[in-house]
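Visitor: For reference, this is work20.json, and it has JSON, C-alpha atoms.
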```json
[["chain", "number", "residue", "atom", "x", "y", "z"],
["A", 29, "MET", "CA", -21.43, -38.38, -15.49],
["A", 30, "PRO", "CA", -17.58, -38.53, -15.43],
["A", 31, "ALA", "CA", -15.92, -36.88, -12.49],
["A", 32, "GLY", "CA", -13.45, -34.15, -13.39],
["A", 33, "PRO", "CA", -10.44, -33.20, -11.35],
["A", 34, "PRO", "CA", -11.23, -31.95, -7.86],
["A", 35, "PRO", "CA", -11.51, -28.17, -7.60],
["A", 36, "HIS", "CA", -8.29, -26.40, -6.72],
["A", 37, "PRO", "CA", -8.28, -24.50, -3.38],
["A", 38, "ASP", "CA", -6.84, -21.37, -5.07],
["A", 39, "PRO", "CA", -9.65, -19.92, -7.22],
["A", 40, "ASP", "CA", -7.13, -18.28, -9.58],
["A", 41, "VAL", "CA", -5.35, -21.59, -10.17],
["A", 42, "ALA", "CA", -8.73, -23.21, -10.81],
["A", 43, "LEU", "CA", -9.52, -20.49, -13.36],
["A", 44, "MET", "CA", -6.12, -20.91, -15.02],
["A", 45, "LEU", "CA", -6.62, -24.66, -15.25],
["A", 46, "ALA", "CA", -10.07, -24.03, -16.75],
["A", 47, "LEU", "CA", -8.49, -21.70, -19.32],
["A", 48, "GLN", "CA", -5.92, -24.37, -20.05],
["A", 49, "ALA", "CA", -8.76, -26.83, -20.61],
["A", 50, "GLY", "CA", -10.38, -24.49, -23.16],
["A", 51, "ASP", "CA", -12.75, -22.34, -21.10],
["A", 52, "GLU", "CA", -12.05, -18.94, -22.68],
["A", 53, "SER", "CA", -14.33, -17.15, -20.18],
["A", 54, "ALA", "CA", -11.82, -17.99, -17.43],
["A", 55, "LEU", "CA", -9.43, -15.38, -18.86],
["A", 56, "GLY", "CA", -11.95, -12.61, -18.22],
["A", 57, "ALA", "CA", -12.41, -13.79, -14.65],
["A", 58, "LEU", "CA", -8.62, -13.85, -14.13],
["A", 59, "ILE", "CA", -8.34, -10.31, -15.48],
["A", 60, "GLU", "CA", -11.14, -9.14, -13.22],
["A", 61, "ARG", "CA", -9.59, -10.77, -10.15],
["A", 62, "ASN", "CA", -5.94, -9.80, -10.81],
["A", 63, "GLY", "CA", -5.90, -6.87, -13.23],
["A", 64, "ARG", "CA", -5.71, -4.20, -10.53],
["A", 65, "ALA", "CA", -2.65, -5.83, -8.91],
["A", 66, "VAL", "CA", -0.83, -5.99, -12.26],
["A", 67, "LEU", "CA", -1.75, -2.39, -13.10],
["A", 68, "ASN", "CA", -0.64, -1.14, -9.67],
["A", 69, "LEU", "CA", 2.70, -2.96, -9.86],
["A", 70, "ALA", "CA", 3.37, -1.70, -13.39],
["A", 71, "TYR", "CA", 2.42, 1.89, -12.52],
["A", 72, "ARG", "CA", 4.57, 1.94, -9.40],
["A", 73, "TYR", "CA", 7.48, 0.58, -11.38],
["A", 74, "LEU", "CA", 7.11, 2.60, -14.60],
["A", 75, "HIS", "CA", 5.48, 5.83, -13.31],
["A", 76, "ASP", "CA", 3.46, 6.03, -16.53],
["A", 77, "ARG", "CA", -0.25, 5.17, -16.67],
["A", 78, "ALA", "CA", -0.27, 4.36, -20.41],
["A", 79, "ALA", "CA", 2.79, 2.12, -20.10],
["A", 80, "ALA", "CA", 1.24, 0.41, -17.06],
["A", 81, "GLU", "CA", -1.94, -0.27, -19.05],
["A", 82, "ASP", "CA", 0.18, -1.71, -21.86],
["A", 83, "VAL", "CA", 1.93, -4.01, -19.37],
["A", 84, "LEU", "CA", -1.48, -5.07, -18.06],
["A", 85, "GLN", "CA", -2.58, -6.09, -21.56],
["A", 86, "GLU", "CA", 0.74, -7.73, -22.42],
["A", 87, "SER", "CA", 0.76, -9.66, -19.14],
["A", 88, "PHE", "CA", -2.58, -11.29, -19.81],
["A", 89, "LEU", "CA", -1.70, -11.88, -23.46],
["A", 90, "LYS", "CA", 1.47, -13.70, -22.36],
["A", 91, "LEU", "CA", -0.52, -15.57, -19.74],
["A", 92, "TYR", "CA", -2.97, -16.70, -22.42],
["A", 93, "GLN", "CA", -0.17, -17.68, -24.79],
["A", 94, "ALA", "CA", 1.53, -19.72, -22.05],
["A", 95, "ARG", "CA", -1.66, -21.43, -20.84],
["A", 96, "GLU", "CA", -0.63, -24.85, -22.20],
["A", 97, "ARG", "CA", 2.70, -24.73, -20.32],
["A", 98, "TYR", "CA", 1.22, -23.51, -17.01],
["A", 99, "ARG", "CA", 1.80, -25.74, -14.00],
["A", 100, "PRO", "CA", 0.29, -24.82, -10.61],
["A", 101, "GLU", "CA", 3.60, -25.04, -8.73],
["A", 102, "ALA", "CA", 3.41, -21.63, -7.05],
["A", 103, "LYS", "CA", 0.69, -19.19, -6.12],
["A", 104, "PHE", "CA", -1.03, -17.94, -9.28],
["A", 105, "ARG", "CA", -0.54, -14.29, -8.34],
["A", 106, "THR", "CA", 3.21, -14.91, -7.94],
["A", 107, "TYR", "CA", 3.28, -16.45, -11.42],
["A", 108, "LEU", "CA", 1.34, -13.56, -12.96],
["A", 109, "LEU", "CA", 3.34, -10.84, -11.22],
["A", 110, "ARG", "CA", 6.54, -12.50, -12.43],
["A", 111, "ILE", "CA", 5.30, -12.08, -16.01],
["A", 112, "SER", "CA", 4.42, -8.43, -15.29],
["A", 113, "THR", "CA", 7.72, -7.75, -13.55],
["A", 114, "ASN", "CA", 9.68, -9.11, -16.51],
["A", 115, "LEU", "CA", 7.66, -6.90, -18.87],
["A", 116, "CYS", "CA", 8.37, -3.83, -16.71],
["A", 117, "ILE", "CA", 12.09, -4.58, -16.60],
["A", 118, "SER", "CA", 12.12, -5.10, -20.36],
["A", 119, "ARG", "CA", 10.38, -1.76, -20.93],
["A", 120, "LEU", "CA", 12.82, 0.07, -18.69],
["A", 121, "ARG", "CA", 15.80, -1.46, -20.48],
["A", 122, "LYS", "CA", 14.40, -0.52, -23.87],
["A", 123, "LYS", "CA", 13.69, 2.99, -22.60],
["A", 124, "ARG", "CA", 17.29, 3.37, -21.41],
["A", 125, "VAL", "CA", 18.73, 2.08, -24.67],
["A", 126, "GLY", "CA", 16.34, 4.01, -26.90],
["A", 127, "SER", "CA", 16.57, 7.37, -25.15],
["A", 128, "LEU", "CA", 19.54, 9.69, -24.87],
["A", 129, "ASP", "CA", 18.42, 10.99, -21.51],
["A", 130, "GLY", "CA", 17.14, 7.63, -20.22],
["A", 131, "GLY", "CA", 13.84, 9.18, -19.15],
["A", 132, "GLU", "CA", 15.51, 10.93, -16.23],
["A", 133, "ASP", "CA", 15.43, 14.55, -15.21],
["A", 134, "GLU", "CA", 18.51, 16.81, -15.01],
["A", 135, "ALA", "CA", 19.43, 15.42, -11.59],
["A", 136, "GLY", "CA", 19.44, 11.86, -12.92],
["A", 137, "HIS", "CA", 16.20, 10.83, -11.22],
["A", 138, "ASP", "CA", 13.28, 9.03, -12.78],
["A", 139, "PRO", "CA", 10.37, 11.44, -13.31],
["A", 140, "VAL", "CA", 7.58, 11.38, -10.76],
["A", 141, "ASP", "CA", 3.99, 11.51, -11.98],
["A", 142, "GLU", "CA", 2.79, 14.64, -10.21],
["A", 143, "ALA", "CA", -0.78, 14.05, -11.45],
["A", 144, "ALA", "CA", -1.08, 10.75, -9.58],
["A", 145, "PRO", "CA", -3.64, 10.90, -6.79],
["A", 146, "LEU", "CA", -2.32, 11.64, -3.34],
["A", 147, "PRO", "CA", -3.61, 10.09, -0.14],
["A", 148, "GLN", "CA", -6.27, 11.93, 1.78],
["A", 149, "GLY", "CA", -4.93, 14.11, 4.52],
["A", 150, "GLY", "CA", -3.04, 17.31, 5.05],
["A", 151, "LEU", "CA", -0.51, 18.95, 2.83],
["A", 152, "LEU", "CA", 2.32, 17.43, 4.84],
["A", 153, "GLU", "CA", 1.04, 13.89, 4.17],
["A", 154, "GLY", "CA", 0.82, 14.65, 0.45],
["A", 155, "GLU", "CA", 4.34, 16.03, 0.42],
["A", 156, "LEU", "CA", 5.64, 13.00, 2.31],
["A", 157, "HIS", "CA", 3.86, 10.67, -0.13],
["A", 158, "GLN", "CA", 5.51, 12.46, -3.07],
["A", 159, "ARG", "CA", 8.92, 12.32, -1.38],
["A", 160, "VAL", "CA", 8.57, 8.58, -0.69],
["A", 161, "ARG", "CA", 7.48, 7.94, -4.27],
["A", 162, "ALA", "CA", 10.42, 9.97, -5.60],
["A", 163, "ALA", "CA", 12.85, 8.20, -3.24],
["A", 164, "VAL", "CA", 11.61, 4.76, -4.33],
["A", 165, "ALA", "CA", 12.07, 5.84, -7.96],
["A", 166, "GLN", "CA", 15.74, 6.65, -7.19],
["A", 167, "LEU", "CA", 16.54, 3.18, -5.86],
["A", 168, "PRO", "CA", 18.64, 0.85, -8.01],
["A", 169, "GLU", "CA", 16.42, -1.36, -10.17],
["A", 170, "ARG", "CA", 16.61, -4.56, -8.06],
["A", 171, "GLN", "CA", 16.10, -2.70, -4.78],
["A", 172, "ARG", "CA", 13.14, -0.78, -6.21],
["A", 173, "LEU", "CA", 11.53, -3.97, -7.45],
["A", 174, "ALA", "CA", 12.07, -5.71, -4.11],
["A", 175, "ILE", "CA", 10.44, -2.83, -2.22],
["A", 176, "LEU", "CA", 7.53, -2.67, -4.67],
["A", 177, "LEU", "CA", 6.84, -6.39, -4.41],
["A", 178, "ASN", "CA", 7.32, -6.67, -0.65],
["A", 179, "LYS", "CA", 5.81, -3.44, 0.65],
["A", 180, "PHE", "CA", 3.37, -2.32, -2.02],
["A", 181, "GLU", "CA", 2.17, -5.69, -3.35],
["A", 182, "GLY", "CA", 2.35, -7.37, 0.06],
["A", 183, "LEU", "CA", 4.43, -10.37, -1.00],
["A", 184, "ASP", "CA", 6.29, -12.08, 1.83],
["A", 185, "TYR", "CA", 10.05, -12.72, 1.71],
["A", 186, "LYS", "CA", 9.69, -16.12, 0.08],
["A", 187, "GLU", "CA", 7.33, -14.83, -2.64],
["A", 188, "THR", "CA", 9.51, -11.77, -3.24],
["A", 189, "ALA", "CA", 12.57, -14.02, -3.51],
["A", 190, "ALA", "CA", 10.75, -16.19, -6.06],
["A", 191, "GLN", "CA", 9.85, -13.12, -8.13],
["A", 192, "LEU", "CA", 13.44, -11.89, -8.09],
["A", 193, "GLY", "CA", 15.06, -15.29, -8.62],
["A", 194, "LEU", "CA", 17.00, -14.93, -5.36],
["A", 195, "SER", "CA", 17.32, -16.86, -2.13],
["A", 196, "VAL", "CA", 15.33, -15.64, 0.88],
["A", 197, "PRO", "CA", 18.49, -14.44, 2.71],
["A", 198, "ALA", "CA", 19.63, -12.54, -0.40],
["A", 199, "THR", "CA", 16.18, -10.97, -0.68],
["A", 200, "LYS", "CA", 16.24, -9.90, 2.97],
["A", 201, "SER", "CA", 19.66, -8.35, 2.40],
["A", 202, "LEU", "CA", 18.43, -6.56, -0.73],
["A", 203, "LEU", "CA", 15.40, -5.20, 1.14],
["A", 204, "HIS", "CA", 17.62, -4.08, 4.02],
["A", 205, "ARG", "CA", 19.88, -2.17, 1.62],
["A", 206, "ALA", "CA", 16.80, -0.63, -0.02],
["A", 207, "ARG", "CA", 15.44, 0.48, 3.36],
["A", 208, "MET", "CA", 18.80, 2.00, 4.33],
["A", 209, "THR", "CA", 18.96, 3.87, 1.01],
["A", 210, "LEU", "CA", 15.40, 5.12, 1.51],
["A", 211, "LYS", "CA", 16.24, 6.19, 5.04],
["A", 212, "ASP", "CA", 19.15, 8.24, 3.69],
["A", 213, "LEU", "CA", 17.05, 9.74, 0.90],
["A", 214, "LEU", "CA", 14.28, 10.62, 3.34],
["A", 215, "ALA", "CA", 16.54, 11.76, 6.20],
["A", 216, "ASP", "CA", 14.66, 15.08, 6.50],
["A", 217, "TYR", "CA", 11.39, 13.18, 7.11],
["A", 218, "VAL", "CA", 12.52, 10.12, 9.05],
["A", 219, "GLU", "CA", 13.15, 10.20, 12.77],
["A", 220, "ASP", "CA", 15.64, 7.72, 14.20]]
```
Rewrite the structure from the file as structure tokens, please.

Guide:
Amino acid sequence: MPAGPPPHPDPDVALMLALQAGDESALGALIERNGRAVLNLAYRYLHDRAAAEDVLQESFLKLYQARERYRPEAKFRTYLLRISTNLCISRLRKKRVGSLDGGEDEAGHDPVDEAAPLPQGGLLEGELHQRVRAAVAQLPERQRLAILLNKFEGLDYKETAAQLGLSVPATKSLLHRARMTLKDLLADYVED
């Protein structure tokens, strides 16, 4: 019995390598393991459930199409979220070009999905959650993406920098500017 390559310590990388080797069932396992993270990132970025679901499907389609070129040089989730991030950015650019109002309300803010579930707790917590979500939506595109990746997806500075194509110091600076902007936007709710 010939010995195959040793198993990879990252189960997602092992699944991707199996897909690359022709095991079509590995794609389903990758979707099951990572689909929620892609959907969450896309929804937080696009504020539209249907668009987020489209990004989810497109992300895994692109992953499948690129399976022959895949090299396990970074964490698999970083690789996958990079694909998803690029799709979100592309959708936002198309939306801005294709729409006279750019998908913004009269005040120039991205719309907030009021039907999205709120965290459990009192009315004040729900209001704060909505304010934070609306404030994040008002951030410039790069700052918003940095906050989403770092705070909501839990990527560290190095992983966030890799997603954004920036150095770690530039990413820290971008996140600092985003936090300062959020602090200003949420001044009524933030204590010094």

Visitor: As an exercise, work out the distance from CA of Ser118 (chain A) to CA of Arg170 (chain A) in Å and give it to one decimal place.

Guide: 13.1 Å

Visitor: Excluding Leu74 (chain A) and its own-chain neighbours fewer than 4 positions away, which residues fall within 8 Å of it when counting only C-alpha atoms? Please give them as a compact mmCIF listing (two decimals) with C-alpha atoms, in the frame of the given file.

Guide:
```
# COMPACT_ATOMS: atom_id res chain seq x y z
CA ALA A 70 3.37 -1.70 -13.39
CA ALA A 79 2.79 2.12 -20.10
CA ALA A 80 1.24 0.41 -17.06
CA CYS A 116 8.37 -3.83 -16.71
CA LEU A 120 12.82 0.07 -18.69
```

Visitor: May I ask for the distance between CA of Gly50 (chain A) and CA of Ser112 (chain A), given in Å to one decimal place?

Guide: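 Calculated distance between CA of Gly50 (chain A) and CA of Ser112 (chain A) is 23.2 Å.
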
Visitor: Suppose you want the space between CA of Ala65 (chain A) and CA of Arg110 (chain A); what is it in Å?

Guide: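 Result for CA of Ala65 (chain A) versus CA of Arg110 (chain A): 11.9 Å, one decimal.
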
Visitor: At a cut-off of 12 Å from (-3.2, -4.8, -11.3) in the coordinates of the file, what residues are picked up using all atoms listed in the file, written as a PyMOL selection string?

Guide: chain A and resi 58-73+77+80-85+87-88+105+108-109+112-113+180-181

Visitor: Show me the residues around (-4.7, -22.7, -23.4) - criterion: an atom at most 9 Å away, only C-alpha atoms counted - as a list in words.

Guide: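 Taken together, the residues in range are Met44, Leu45, Ala46, Leu47, Gln48, Ala49, Gly50, Asp51, Glu52, Tyr92, Gln93, Ala94, Arg95, Glu96, Arg97 and Tyr98 of chain A.
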
Visitor: Specify the axis-aligned box that encloses all atoms of region 165-170 of chain A listed in the file after padding of 5 Å on each side, stating its centre and edge lengths in Å to one decimal as AutoDock Vina command-line options.

Guide:
```
--center_x 15.4 --center_y 1.0 --center_z -8.0 --size_x 16.6 --size_y 21.2 --size_z 14.3
```

Visitor: Pick from A:Val160, A:His204, A:Thr106, A:Leu167: nearest to Ala189 (chain A), with all atoms listed in the file counted?

Guide: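 Among the listed residues, A:Thr106 lies closest to Ala189 (chain A).
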
Visitor: Excluding same-chain residues fewer than 6 positions from region 207-211 of chain A, what lies within 12 Å of it counting only C-alpha atoms, as a list of chain:residue names?

Guide: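 Counting only the stated atoms, we get A:Arg159, A:Val160, A:Arg161, A:Ala162, A:Ala163, A:Val164, A:Ala165, A:Gln166, A:Leu167, A:Pro168, A:Gln171, A:Arg172, A:Ala174, A:Ile175, A:Leu176, A:Asn178, A:Lys179, A:Lys200, A:Ser201, A:Tyr217, A:Val218, A:Glu219, A:Asp220.
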
Visitor: Choose the residue, out of A:Lys186, A:Lys90, A:Arg121, A:Arg205, that has the smallest atom-to-atom separation from Lys103 (chain A); count only C-alpha atoms.

Guide: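 Answer, going by the shortest atom-to-atom distance: A:Lys186.
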
Visitor: For a quick check of understanding, using all atoms listed in the file, which of A:Glu86, A:Leu202, A:Pro39, A:Ala78 has the smallest distance to Glu169 (chain A)?

Guide: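 Smallest distance to Glu169 (chain A) is found for A:Leu202.
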
Visitor: Please supply region 173-184 of chain A, rebuilt with all heavy atoms, as a compact mmCIF listing (two decimals), keeping the file's coordinate frame.

Guide:
```txt
# COMPACT_ATOMS: atom_id res chain seq x y z
N LEU A 173 12.46 -2.88 -7.20
CA LEU A 173 11.53 -3.97 -7.45
C LEU A 173 11.25 -4.75 -6.17
O LEU A 173 10.10 -5.10 -5.89
CB LEU A 173 12.08 -4.90 -8.53
CG LEU A 173 11.18 -6.04 -8.96
CD1 LEU A 173 9.81 -5.54 -9.40
CD2 LEU A 173 11.84 -6.82 -10.08
N ALA A 174 12.27 -4.99 -5.37
CA ALA A 174 12.07 -5.71 -4.11
C ALA A 174 11.12 -4.95 -3.19
O ALA A 174 10.20 -5.54 -2.60
CB ALA A 174 13.42 -5.95 -3.42
N ILE A 175 11.32 -3.65 -3.07
CA ILE A 175 10.44 -2.83 -2.22
C ILE A 175 9.02 -2.84 -2.77
O ILE A 175 8.05 -2.99 -2.02
CB ILE A 175 10.98 -1.38 -2.12
CG1 ILE A 175 12.21 -1.32 -1.22
CG2 ILE A 175 9.90 -0.41 -1.65
CD1 ILE A 175 11.94 -1.52 0.26
N LEU A 176 8.87 -2.68 -4.08
CA LEU A 176 7.53 -2.67 -4.67
C LEU A 176 6.79 -3.98 -4.41
O LEU A 176 5.62 -3.98 -4.05
CB LEU A 176 7.60 -2.40 -6.17
CG LEU A 176 8.02 -0.99 -6.57
CD1 LEU A 176 8.22 -0.90 -8.08
CD2 LEU A 176 7.01 0.04 -6.10
N LEU A 177 7.48 -5.09 -4.60
CA LEU A 177 6.84 -6.39 -4.41
C LEU A 177 6.53 -6.65 -2.94
O LEU A 177 5.44 -7.10 -2.60
CB LEU A 177 7.73 -7.50 -4.96
CG LEU A 177 7.91 -7.52 -6.47
CD1 LEU A 177 9.01 -8.52 -6.86
CD2 LEU A 177 6.61 -7.87 -7.17
N ASN A 178 7.48 -6.34 -2.06
CA ASN A 178 7.32 -6.67 -0.65
C ASN A 178 6.39 -5.69 0.06
O ASN A 178 5.48 -6.12 0.78
CB ASN A 178 8.70 -6.69 0.01
CG ASN A 178 8.64 -7.07 1.47
OD1 ASN A 178 8.83 -6.22 2.33
ND2 ASN A 178 8.38 -8.34 1.76
N LYS A 179 6.58 -4.43 -0.11
CA LYS A 179 5.81 -3.44 0.65
C LYS A 179 4.52 -3.02 -0.03
O LYS A 179 3.51 -2.84 0.62
CB LYS A 179 6.67 -2.19 0.94
CG LYS A 179 7.84 -2.47 1.84
CD LYS A 179 7.37 -3.01 3.17
CE LYS A 179 8.53 -3.45 4.03
NZ LYS A 179 8.11 -4.30 5.13
N PHE A 180 4.56 -2.82 -1.34
CA PHE A 180 3.37 -2.32 -2.02
C PHE A 180 2.44 -3.43 -2.49
O PHE A 180 1.23 -3.27 -2.51
CB PHE A 180 3.77 -1.42 -3.20
CG PHE A 180 4.39 -0.13 -2.77
CD1 PHE A 180 5.76 0.02 -2.72
CD2 PHE A 180 3.60 0.94 -2.38
CE1 PHE A 180 6.34 1.20 -2.31
CE2 PHE A 180 4.17 2.13 -1.96
CZ PHE A 180 5.53 2.26 -1.93
N GLU A 181 3.00 -4.57 -2.90
CA GLU A 181 2.17 -5.69 -3.35
C GLU A 181 1.91 -6.69 -2.23
O GLU A 181 1.12 -7.61 -2.38
CB GLU A 181 2.79 -6.39 -4.55
CG GLU A 181 2.81 -5.54 -5.80
CD GLU A 181 1.45 -5.03 -6.22
OE1 GLU A 181 0.46 -5.80 -6.15
OE2 GLU A 181 1.36 -3.86 -6.61
N GLY A 182 2.60 -6.53 -1.11
CA GLY A 182 2.35 -7.37 0.06
C GLY A 182 2.88 -8.79 -0.03
O GLY A 182 2.42 -9.67 0.69
N LEU A 183 3.85 -9.04 -0.91
CA LEU A 183 4.43 -10.37 -1.00
C LEU A 183 5.37 -10.59 0.19
O LEU A 183 6.08 -9.68 0.60
CB LEU A 183 5.20 -10.55 -2.31
CG LEU A 183 4.43 -10.40 -3.62
CD1 LEU A 183 5.34 -10.69 -4.80
CD2 LEU A 183 3.21 -11.29 -3.65
N ASP A 184 5.38 -11.79 0.73
CA ASP A 184 6.29 -12.08 1.83
C ASP A 184 7.70 -12.30 1.27
O ASP A 184 7.92 -12.24 0.06
CB ASP A 184 5.81 -13.27 2.66
CG ASP A 184 5.73 -14.58 1.89
OD1 ASP A 184 6.44 -14.73 0.87
OD2 ASP A 184 4.95 -15.46 2.29
```
